[in-house]
Structures are given as structure tokens and as C-alpha cells.
Amino acid sequence: MRDWWLCLRKTVRAPVPWMKECWANLSPKDFAFDAQGRLVTVDCTYNHVARFDLETETMQVLWQGMGNTRALATAPDGTVHLGVSNPWLRGSGAVAALDAEGDPVIVFEGLLPEVEGLAFDTDGTAYVVATGEVSGTVRSRVYAATSTGITETLALLPTTGFDLAFDPLSGMLWGGAPHGLWVLDEFGGVQEVALDVGEGFVESLTFTPSGELYVHMVTSDLWSKPVTQGLYHVATSAPYTTTLVADLSTVDMCCTLNRIGAGMDGAIYVVGFGDRYTPDHEPGMRMLRVTPSGAVSLFAYPLGMDPTAVTAGVEGDLLFSSGCGVVRIFEAEQIFLPLILRSTD
């Protein structure tokens, strides 16, 4: 089995001649853990649903061709749900649940065609952000739904919506948008959050286990050079004070985005392409660790792969998805291990 694994220490880029062949049709986008603690991923490039068993070190492609799958979440009963989108903003979107055999079963449909975000509250109500053309303009709607179908269309966002996250303390739902944040209030209404730094593109947001909200926000033109962006802490009550925790602006690059995830240690981990905090400011894929006080350290570099999301595992380890699979950081000395490089099918 070890011959199929790659160990990559933080200062060494190992040759991986088999990587393209092994992972040519698997580019994970999002994570969820099922009731048995197995990791389930979706990708929006090749439309696979895959499941990783971290104990037995096996991977199984559960389904292919489910549509442009980019949203994944676990219901309170441990059932994994995924968003099923239609390409080119045509038709309607849906949400499917994986049954005991791993087959997707449509739970409800009738959404706008591109499902961007999916989350569950503690009662099992699903909240969905889906995007499509509304009166000639591309916008997003926020839905609430149960196993019986869509129960309510909560809001029509001014533009498009992206990531979703639940506050672990209050249970309130937060979402990212091209011009900042929105929050679902206790009355079921969606409020736009006016950030005191002005408008910013928020694609990624996360809560720490203690309920602190962090966002990665771009505050300049994404195509400019450099790109002004940073990791911000956002107060979860009015006036929603925003504090810059770490400047993640590029030095001499454009068109870069980063994904963030909270670790069990309360730190925020940032994955993506950048040239700040790298040796000699050279462009590269890296993971940063940012403490609540704003101390930034280069946690791992170079990654040698294109990370798309990062999350804390059920045992406190870190995992991120990339174009070459799912990578697990399992030791403090920063050894990287793509989990499984072959299917059990």
C-alpha cells in the first residue's frame, strides 16, 4: 500500500509521475463527513462523488455524472447531501442524499439551476443558495427545505451567493457574496451585512469551534496587480465590526483567491496561490497558519498541487482537496499524504 502513497515534506517537491494518471478524473471541491466518519467529496469539473475511509485507507467513487456538483453538507442524522446543478444556468437545480449504498436519491428539486451552497441546522432543515437568471439578471435565492421539499424561499439576493457557514453558538446562518456578507436572522429574513471596510468579495468563510467568524475577502479588483485581500474577523452582532487579522495581499500577482478553514486549535488555515509569505516572494501554492492575534506562519510550502478547500478532520487533523486528490496533514512536522491513489472498485 505504501507504494501508492506520496510523502512530501514541507521543503521538498517530490516527483509524482503517476499523479496525473491516477487523479485525471477526480478534482474534489467540497467536503463532508458521514455518520461513520468517512470523508465524502464532490467535484464540479468531472462530476464525481467519492468516499474516503480514513481507517481502512480506501477510496470509492460512488457516482459519476451528477451534474455540476459543488455543494456538500451532512444532515444531523449523518446522511450526506449534495447539490446537483444544471450547466449553463439552464433547467433547475436539486439536492440529493446518498443512501446506504452510496447512490444519490433526489430529495427536493425546483431550485435555481446552479447550487452554490448547502448547510443544515440542528433540526435538519436544509438551507440552500442557488444561482440562475431572474428577470434577465443572474442572481441567487436562499431556500429552506426538508425531506418533504422546499418549505420556503427566504430571500432573493441582490447578486450571487457563495459559501455558507452556521454559527455554532447562535445557530444563525451566514453566507458570502461578491459584495460582502449576509446573515439569516432569527425571524427567517436575510440581512445584508454592511462591513466597515466597504464592499469586498467574500467567497470563503468559516467559524472556529468557539464561534468566531472569519472571512477571506478581496477588496480590490481581482484582476489588478497586486490584489488587495486579507483574512478578517467579523463580529456576529451589530454593528458587525470588521477587523483585519492578516494582510494576504499579493506582492506582484493578479487573479488569486484563497480558501480558509478553522482548525481545532482555533487557528485559521489558508490555502491557495500567492507570493506573500513565501521565500523571496516567489509565486507558489502554500498553506498559511494564522493565529487569532494575527501571527502568520508559512505552515507548508510548496504544496505542488492546486488546493480548493480546507477543513479540520474529525480527529483534529487537517484535510484539503486539490486537483490530485484529498490531502491529509496528520503530523505537526508537516508531512503530507494524499489519502488513496486508487479506487476499490
# chains A, B, ... in the order shown; residues from 1 in each chain; ligands from 1

call {"tool": "residues_around", "arguments": {"residues": "Ala177 of chain A", "least_positions_apart": "2", "cutoff": "9 Å", "atoms": "only C-alpha atoms", "output": "PyMOL selection string"}}
result
chain A and resi 157+159-163+175+179-182+200-203

call {"tool": "write_last_selection", "arguments": {"atoms": "N, CA and C atoms", "output": "tab-separated table (two decimals), in the first residue's frame"}}
result
chain	number	residue	atom	x	y	z
A	157	LEU	N	-31.18	37.28	-3.26
A	157	LEU	CA	-30.02	38.11	-3.01
A	157	LEU	C	-29.83	39.12	-4.15
A	159	THR	N	-27.19	39.90	-5.74
A	159	THR	CA	-26.33	39.35	-6.79
A	159	THR	C	-26.26	37.84	-6.63
A	160	THR	N	-25.06	37.29	-6.48
A	160	THR	CA	-24.89	35.86	-6.32
A	160	THR	C	-24.35	35.53	-4.93
A	161	GLY	N	-24.65	34.34	-4.45
A	161	GLY	CA	-24.18	33.89	-3.16
A	161	GLY	C	-23.21	32.74	-3.30
A	162	PHE	N	-22.36	32.55	-2.28
A	162	PHE	CA	-21.32	31.52	-2.36
A	162	PHE	C	-21.36	30.61	-1.13
A	163	ASP	N	-20.33	30.69	-0.33
A	163	ASP	CA	-20.14	29.79	0.79
A	163	ASP	C	-21.20	30.01	1.86
A	175	GLY	N	-23.57	33.76	4.98
A	175	GLY	CA	-23.18	33.45	3.62
A	175	GLY	C	-22.31	34.53	3.01
A	179	HIS	N	-20.22	41.16	-2.74
A	179	HIS	CA	-20.09	42.47	-2.11
A	179	HIS	C	-20.13	42.40	-0.59
A	180	GLY	N	-19.77	41.28	-0.02
A	180	GLY	CA	-19.71	41.20	1.43
A	180	GLY	C	-20.38	39.95	1.98
A	181	LEU	N	-21.19	40.12	3.02
A	181	LEU	CA	-21.81	39.01	3.73
A	181	LEU	C	-23.31	39.24	3.86
A	182	TRP	N	-24.02	38.15	4.10
A	182	TRP	CA	-25.42	38.23	4.50
A	182	TRP	C	-25.63	37.23	5.63
A	200	GLY	N	-16.51	44.05	-0.36
A	200	GLY	CA	-15.44	43.09	-0.61
A	200	GLY	C	-16.01	41.78	-1.09
A	201	PHE	N	-15.25	41.08	-1.91
A	201	PHE	CA	-15.67	39.79	-2.46
A	201	PHE	C	-15.36	38.71	-1.44
A	202	VAL	N	-16.40	38.07	-0.90
A	202	VAL	CA	-16.25	37.02	0.11
A	202	VAL	C	-16.69	35.69	-0.49
A	203	GLU	N	-15.72	34.85	-0.83
A	203	GLU	CA	-16.04	33.53	-1.34
A	203	GLU	C	-15.90	32.46	-0.29

call {"tool": "closest_atom_pairs", "arguments": {"of": "segment 82-182 of chain A", "to": "segment 227-238 of chain A", "cutoff": "10 Å", "atoms": "only C-alpha atoms", "output": "tab-separated table"}}
result
residue	atom	partner	partner_atom	distance
A:Asp167	CA	A:Thr236	CA	8.6
A:Ser170	CA	A:Thr236	CA	9.4
A:Met172	CA	A:Thr236	CA	9.3
A:Trp174	CA	A:Thr236	CA	9.3
A:Leu181	CA	A:Val234	CA	9.8

call {"tool": "residues_around", "arguments": {"residues": "segment 97-105 of chain A", "least_positions_apart": "6", "cutoff": "8 Å", "atoms": "only C-alpha atoms", "output": "list in words"}}
result
Leu62, Trp63, Thr79, Val80, His81 and Leu82 of chain A

call {"tool": "select_by_dssp", "arguments": {"residues": "segment 220-253 of chain A", "states": "strand (DSSP E)", "output": "NGL selection string"}}
result
:A and (229-234 or 242-247)

call {"tool": "write_last_selection", "arguments": {"atoms": "C-alpha atoms", "output": "mmCIF file, in the first residue's frame"}}
result
data_model
loop_
_atom_site.group_PDB
_atom_site.id
_atom_site.type_symbol
_atom_site.label_atom_id
_atom_site.label_comp_id
_atom_site.auth_asym_id
_atom_site.auth_seq_id
_atom_site.Cartn_x
_atom_site.Cartn_y
_atom_site.Cartn_z
ATOM 1 C CA GLN A 229 -7.075 40.863 0.128
ATOM 2 C CA GLY A 230 -6.969 39.708 3.697
ATOM 3 C CA LEU A 231 -8.230 37.489 6.477
ATOM 4 C CA TYR A 232 -10.822 39.360 8.528
ATOM 5 C CA HIS A 233 -12.547 38.716 11.821
ATOM 6 C CA VAL A 234 -16.204 39.763 11.743
ATOM 7 C CA THR A 242 -14.630 44.014 10.839
ATOM 8 C CA THR A 243 -11.008 43.622 11.900
ATOM 9 C CA LEU A 244 -8.124 42.832 9.568
ATOM 10 C CA VAL A 245 -6.293 39.890 11.108
ATOM 11 C CA ALA A 246 -3.715 39.249 8.374
ATOM 12 C CA ASP A 247 -2.829 41.032 5.151
#

call {"tool": "residues_around", "arguments": {"residues": "Ala94 of chain A", "least_positions_apart": "3", "cutoff": "8 Å", "atoms": "only C-alpha atoms", "output": "PyMOL selection string"}}
result
chain A and resi 83-85+106-111+113+115

call {"tool": "write_last_selection", "arguments": {"atoms": "all heavy atoms", "output": "mmCIF file, in the first residue's frame"}}
result
data_model
loop_
_atom_site.group_PDB
_atom_site.id
_atom_site.type_symbol
_atom_site.label_atom_id
_atom_site.label_comp_id
_atom_site.auth_asym_id
_atom_site.auth_seq_id
_atom_site.Cartn_x
_atom_site.Cartn_y
_atom_site.Cartn_z
ATOM 1 N N GLY A 83 -25.499 19.183 -3.675
ATOM 2 C CA GLY A 83 -26.229 19.982 -4.635
ATOM 3 C C GLY A 83 -26.012 19.447 -6.044
ATOM 4 O O GLY A 83 -24.895 19.076 -6.407
ATOM 5 N N VAL A 84 -27.063 19.385 -6.821
ATOM 6 C CA VAL A 84 -26.993 18.909 -8.198
ATOM 7 C C VAL A 84 -27.377 20.072 -9.103
ATOM 8 O O VAL A 84 -28.521 20.540 -9.067
ATOM 9 C CB VAL A 84 -27.943 17.719 -8.441
ATOM 10 C CG1 VAL A 84 -27.812 17.218 -9.879
ATOM 11 C CG2 VAL A 84 -27.642 16.594 -7.452
ATOM 12 N N SER A 85 -26.430 20.546 -9.892
ATOM 13 C CA SER A 85 -26.649 21.723 -10.712
ATOM 14 C C SER A 85 -26.811 21.350 -12.173
ATOM 15 O O SER A 85 -26.386 20.285 -12.623
ATOM 16 C CB SER A 85 -25.476 22.706 -10.571
ATOM 17 O OG SER A 85 -25.328 23.143 -9.239
ATOM 18 N N ILE A 106 -32.674 11.938 -5.231
ATOM 19 C CA ILE A 106 -33.134 13.323 -5.200
ATOM 20 C C ILE A 106 -34.111 13.509 -4.038
ATOM 21 O O ILE A 106 -35.097 12.788 -3.912
ATOM 22 C CB ILE A 106 -33.810 13.720 -6.531
ATOM 23 C CG1 ILE A 106 -32.809 13.625 -7.685
ATOM 24 C CG2 ILE A 106 -34.384 15.126 -6.439
ATOM 25 C CD1 ILE A 106 -31.637 14.565 -7.586
ATOM 26 N N VAL A 107 -33.817 14.501 -3.194
ATOM 27 C CA VAL A 107 -34.657 14.798 -2.039
ATOM 28 C C VAL A 107 -35.649 15.903 -2.373
ATOM 29 O O VAL A 107 -36.830 15.816 -2.053
ATOM 30 C CB VAL A 107 -33.798 15.196 -0.824
ATOM 31 C CG1 VAL A 107 -34.677 15.528 0.381
ATOM 32 C CG2 VAL A 107 -32.829 14.086 -0.471
ATOM 33 N N PHE A 108 -35.167 16.966 -2.986
ATOM 34 C CA PHE A 108 -36.056 18.023 -3.452
ATOM 35 C C PHE A 108 -35.408 18.723 -4.634
ATOM 36 O O PHE A 108 -34.192 18.704 -4.802
ATOM 37 C CB PHE A 108 -36.410 19.019 -2.335
ATOM 38 C CG PHE A 108 -35.236 19.617 -1.622
ATOM 39 C CD1 PHE A 108 -34.607 20.763 -2.095
ATOM 40 C CD2 PHE A 108 -34.756 19.048 -0.455
ATOM 41 C CE1 PHE A 108 -33.531 21.312 -1.430
ATOM 42 C CE2 PHE A 108 -33.674 19.599 0.228
ATOM 43 C CZ PHE A 108 -33.057 20.736 -0.269
ATOM 44 N N GLU A 109 -36.242 19.316 -5.468
ATOM 45 C CA GLU A 109 -35.763 19.996 -6.657
ATOM 46 C C GLU A 109 -36.572 21.268 -6.865
ATOM 47 O O GLU A 109 -37.352 21.668 -6.003
ATOM 48 C CB GLU A 109 -35.853 19.075 -7.879
ATOM 49 C CG GLU A 109 -37.185 18.389 -8.056
ATOM 50 C CD GLU A 109 -37.121 17.266 -9.075
ATOM 51 O OE1 GLU A 109 -36.144 17.215 -9.845
ATOM 52 O OE2 GLU A 109 -38.054 16.440 -9.098
ATOM 53 N N GLY A 110 -36.389 21.914 -8.017
ATOM 54 C CA GLY A 110 -37.091 23.163 -8.268
ATOM 55 C C GLY A 110 -36.303 24.386 -7.861
ATOM 56 O O GLY A 110 -36.856 25.491 -7.789
ATOM 57 N N LEU A 111 -35.008 24.218 -7.593
ATOM 58 C CA LEU A 111 -34.136 25.341 -7.243
ATOM 59 C C LEU A 111 -33.684 26.057 -8.509
ATOM 60 O O LEU A 111 -33.827 25.542 -9.626
ATOM 61 C CB LEU A 111 -32.911 24.840 -6.481
ATOM 62 C CG LEU A 111 -33.156 23.948 -5.257
ATOM 63 C CD1 LEU A 111 -31.849 23.351 -4.783
ATOM 64 C CD2 LEU A 111 -33.820 24.742 -4.143
ATOM 65 N N PRO A 113 -30.847 26.929 -11.151
ATOM 66 C CA PRO A 113 -30.079 25.805 -11.717
ATOM 67 C C PRO A 113 -28.715 25.524 -11.112
ATOM 68 O O PRO A 113 -28.269 24.371 -11.149
ATOM 69 C CB PRO A 113 -29.946 26.181 -13.206
ATOM 70 C CG PRO A 113 -30.265 27.618 -13.288
ATOM 71 C CD PRO A 113 -31.207 27.915 -12.178
ATOM 72 N N VAL A 115 -26.487 25.161 -7.859
ATOM 73 C CA VAL A 115 -26.489 25.098 -6.397
ATOM 74 C C VAL A 115 -25.084 25.437 -5.896
ATOM 75 O O VAL A 115 -24.135 24.683 -6.113
ATOM 76 C CB VAL A 115 -26.929 23.713 -5.902
ATOM 77 C CG1 VAL A 115 -26.954 23.680 -4.380
ATOM 78 C CG2 VAL A 115 -28.294 23.355 -6.469
#

call {"tool": "closest_residue", "arguments": {"among": "A:Tyr277, A:Tyr269, A:Tyr143, A:Phe52", "to": "Phe207 of chain A", "atoms": "only C-alpha atoms"}}
result
A:Tyr269

call {"tool": "residues_around", "arguments": {"residues": "Tyr240 of chain A", "least_positions_apart": "6", "cutoff": "9 Å", "atoms": "only C-alpha atoms", "output": "PDB file with N, CA, C and O atoms, in the first residue's frame"}}
result
ATOM      1  N   VAL A 193     -25.033  42.382   5.389  1.00  0.00           N
ATOM      2  CA  VAL A 193     -24.176  42.907   6.439  1.00  0.00           C
ATOM      3  C   VAL A 193     -23.248  43.949   5.823  1.00  0.00           C
ATOM      4  O   VAL A 193     -22.426  43.634   4.956  1.00  0.00           O
ATOM      5  N   ALA A 194     -23.422  45.191   6.243  1.00  0.00           N
ATOM      6  CA  ALA A 194     -22.584  46.281   5.759  1.00  0.00           C
ATOM      7  C   ALA A 194     -21.270  46.271   6.543  1.00  0.00           C
ATOM      8  O   ALA A 194     -21.242  46.583   7.733  1.00  0.00           O
ATOM      9  N   LEU A 195     -20.197  45.878   5.882  1.00  0.00           N
ATOM     10  CA  LEU A 195     -18.899  45.794   6.554  1.00  0.00           C
ATOM     11  C   LEU A 195     -18.241  47.165   6.573  1.00  0.00           C
ATOM     12  O   LEU A 195     -18.334  47.937   5.618  1.00  0.00           O
ATOM     13  N   ASP A 196     -17.548  47.471   7.658  1.00  0.00           N
ATOM     14  CA  ASP A 196     -16.968  48.801   7.801  1.00  0.00           C
ATOM     15  C   ASP A 196     -15.712  49.004   6.963  1.00  0.00           C
ATOM     16  O   ASP A 196     -15.139  50.092   6.959  1.00  0.00           O
ATOM     17  N   VAL A 234     -14.959  39.003  11.826  1.00  0.00           N
ATOM     18  CA  VAL A 234     -16.204  39.763  11.743  1.00  0.00           C
ATOM     19  C   VAL A 234     -17.030  39.498  12.996  1.00  0.00           C
ATOM     20  O   VAL A 234     -17.293  38.329  13.340  1.00  0.00           O
TER      21      VAL A 234
END

call {"tool": "decode", "arguments": {"residues": "segment 92-210 of chain A", "atoms": "C-alpha atoms", "output": "mmCIF file, in the first residue's frame"}}
result
data_model
loop_
_atom_site.group_PDB
_atom_site.id
_atom_site.type_symbol
_atom_site.label_atom_id
_atom_site.label_comp_id
_atom_site.auth_asym_id
_atom_site.auth_seq_id
_atom_site.Cartn_x
_atom_site.Cartn_y
_atom_site.Cartn_z
ATOM 1 C CA SER A 92 -33.483 23.580 -12.345
ATOM 2 C CA GLY A 93 -31.170 22.573 -9.514
ATOM 3 C CA ALA A 94 -31.798 19.880 -6.920
ATOM 4 C CA VAL A 95 -30.435 18.375 -3.713
ATOM 5 C CA ALA A 96 -29.732 14.641 -3.459
ATOM 6 C CA ALA A 97 -28.981 12.422 -0.457
ATOM 7 C CA LEU A 98 -26.626 9.442 -0.530
ATOM 8 C CA ASP A 99 -28.402 6.255 0.515
ATOM 9 C CA ALA A 100 -26.822 3.305 2.381
ATOM 10 C CA GLU A 101 -25.229 2.025 -0.846
ATOM 11 C CA GLY A 102 -23.854 5.445 -1.714
ATOM 12 C CA ASP A 103 -26.323 6.101 -4.514
ATOM 13 C CA PRO A 104 -27.768 9.633 -4.772
ATOM 14 C CA VAL A 105 -31.520 9.993 -4.349
ATOM 15 C CA ILE A 106 -33.134 13.323 -5.200
ATOM 16 C CA VAL A 107 -34.657 14.798 -2.039
ATOM 17 C CA PHE A 108 -36.056 18.023 -3.452
ATOM 18 C CA GLU A 109 -35.763 19.996 -6.657
ATOM 19 C CA GLY A 110 -37.091 23.163 -8.268
ATOM 20 C CA LEU A 111 -34.136 25.341 -7.243
ATOM 21 C CA LEU A 112 -32.398 27.845 -9.468
ATOM 22 C CA PRO A 113 -30.079 25.805 -11.717
ATOM 23 C CA GLU A 114 -26.665 26.215 -10.033
ATOM 24 C CA VAL A 115 -26.489 25.098 -6.397
ATOM 25 C CA GLU A 116 -23.643 27.071 -4.776
ATOM 26 C CA GLY A 117 -24.015 26.379 -1.054
ATOM 27 C CA LEU A 118 -25.736 23.893 1.271
ATOM 28 C CA ALA A 119 -25.947 23.696 5.073
ATOM 29 C CA PHE A 120 -28.151 22.096 7.759
ATOM 30 C CA ASP A 121 -29.328 23.422 11.103
ATOM 31 C CA THR A 122 -29.594 21.206 14.185
ATOM 32 C CA ASP A 123 -33.254 20.409 13.416
ATOM 33 C CA GLY A 124 -32.413 19.000 9.986
ATOM 34 C CA THR A 125 -33.696 21.890 7.885
ATOM 35 C CA ALA A 126 -31.571 22.386 4.789
ATOM 36 C CA TYR A 127 -30.544 25.846 3.655
ATOM 37 C CA VAL A 128 -29.537 26.229 0.041
ATOM 38 C CA VAL A 129 -28.097 29.029 -2.064
ATOM 39 C CA ALA A 130 -28.731 28.560 -5.781
ATOM 40 C CA THR A 131 -27.979 30.842 -8.717
ATOM 41 C CA GLY A 132 -29.711 31.462 -12.026
ATOM 42 C CA GLU A 133 -31.279 34.042 -14.256
ATOM 43 C CA VAL A 134 -34.023 36.057 -12.580
ATOM 44 C CA SER A 135 -35.753 38.696 -14.712
ATOM 45 C CA GLY A 136 -32.783 38.875 -17.045
ATOM 46 C CA THR A 137 -30.140 39.155 -14.286
ATOM 47 C CA VAL A 138 -28.008 36.407 -12.714
ATOM 48 C CA ARG A 139 -28.886 36.330 -9.003
ATOM 49 C CA SER A 140 -29.142 33.856 -6.122
ATOM 50 C CA ARG A 141 -32.043 32.696 -3.997
ATOM 51 C CA VAL A 142 -31.824 31.338 -0.445
ATOM 52 C CA TYR A 143 -34.150 28.390 0.227
ATOM 53 C CA ALA A 144 -35.209 26.388 3.274
ATOM 54 C CA ALA A 145 -36.202 22.778 2.700
ATOM 55 C CA THR A 146 -36.936 19.499 4.447
ATOM 56 C CA SER A 147 -37.273 15.938 3.184
ATOM 57 C CA THR A 148 -40.791 16.823 2.003
ATOM 58 C CA GLY A 149 -39.476 19.533 -0.320
ATOM 59 C CA ILE A 150 -38.838 23.268 -0.380
ATOM 60 C CA THR A 151 -40.667 24.856 2.533
ATOM 61 C CA GLU A 152 -39.795 28.495 1.888
ATOM 62 C CA THR A 153 -37.899 30.821 -0.409
ATOM 63 C CA LEU A 154 -36.243 33.030 2.173
ATOM 64 C CA ALA A 155 -34.683 35.709 0.030
ATOM 65 C CA LEU A 156 -33.573 36.834 -3.386
ATOM 66 C CA LEU A 157 -30.018 38.115 -3.013
ATOM 67 C CA PRO A 158 -29.015 41.282 -4.888
ATOM 68 C CA THR A 159 -26.332 39.353 -6.795
ATOM 69 C CA THR A 160 -24.885 35.856 -6.321
ATOM 70 C CA GLY A 161 -24.177 33.892 -3.158
ATOM 71 C CA PHE A 162 -21.324 31.518 -2.357
ATOM 72 C CA ASP A 163 -20.141 29.788 0.786
ATOM 73 C CA LEU A 164 -22.380 29.017 3.788
ATOM 74 C CA ALA A 165 -21.496 28.593 7.465
ATOM 75 C CA PHE A 166 -23.523 28.117 10.673
ATOM 76 C CA ASP A 167 -22.610 29.952 13.853
ATOM 77 C CA PRO A 168 -22.046 27.060 16.324
ATOM 78 C CA LEU A 169 -23.242 29.219 19.242
ATOM 79 C CA SER A 170 -26.319 31.023 17.917
ATOM 80 C CA GLY A 171 -27.201 28.670 15.063
ATOM 81 C CA MET A 172 -27.566 31.600 12.663
ATOM 82 C CA LEU A 173 -26.677 31.046 9.010
ATOM 83 C CA TRP A 174 -24.085 33.233 7.284
ATOM 84 C CA GLY A 175 -23.176 33.445 3.616
ATOM 85 C CA GLY A 176 -20.621 35.071 1.328
ATOM 86 C CA ALA A 177 -21.347 37.229 -1.713
ATOM 87 C CA PRO A 178 -19.459 39.383 -4.248
ATOM 88 C CA HIS A 179 -20.094 42.474 -2.114
ATOM 89 C CA GLY A 180 -19.710 41.195 1.431
ATOM 90 C CA LEU A 181 -21.812 39.013 3.732
ATOM 91 C CA TRP A 182 -25.418 38.234 4.501
ATOM 92 C CA VAL A 183 -26.969 36.612 7.559
ATOM 93 C CA LEU A 184 -30.253 34.823 8.140
ATOM 94 C CA ASP A 185 -31.815 36.479 11.184
ATOM 95 C CA GLU A 186 -33.978 34.887 13.885
ATOM 96 C CA PHE A 187 -37.150 35.845 12.007
ATOM 97 C CA GLY A 188 -36.110 33.980 8.852
ATOM 98 C CA GLY A 189 -35.160 37.091 6.932
ATOM 99 C CA VAL A 190 -31.884 37.637 5.103
ATOM 100 C CA GLN A 191 -29.987 40.772 6.062
ATOM 101 C CA GLU A 192 -27.073 42.166 4.120
ATOM 102 C CA VAL A 193 -24.176 42.907 6.439
ATOM 103 C CA ALA A 194 -22.584 46.281 5.759
ATOM 104 C CA LEU A 195 -18.899 45.794 6.554
ATOM 105 C CA ASP A 196 -16.968 48.801 7.801
ATOM 106 C CA VAL A 197 -14.160 48.148 5.301
ATOM 107 C CA GLY A 198 -16.514 48.740 2.393
ATOM 108 C CA GLU A 199 -17.506 46.235 -0.250
ATOM 109 C CA GLY A 200 -15.442 43.094 -0.612
ATOM 110 C CA PHE A 201 -15.666 39.793 -2.461
ATOM 111 C CA VAL A 202 -16.252 37.021 0.114
ATOM 112 C CA GLU A 203 -16.043 33.527 -1.345
ATOM 113 C CA SER A 204 -14.831 31.701 1.756
ATOM 114 C CA LEU A 205 -15.892 31.975 5.403
ATOM 115 C CA THR A 206 -15.545 29.788 8.475
ATOM 116 C CA PHE A 207 -16.393 29.648 12.170
ATOM 117 C CA THR A 208 -13.963 28.490 14.839
ATOM 118 C CA PRO A 209 -15.236 25.942 17.389
ATOM 119 C CA SER A 210 -15.677 28.859 19.837
#
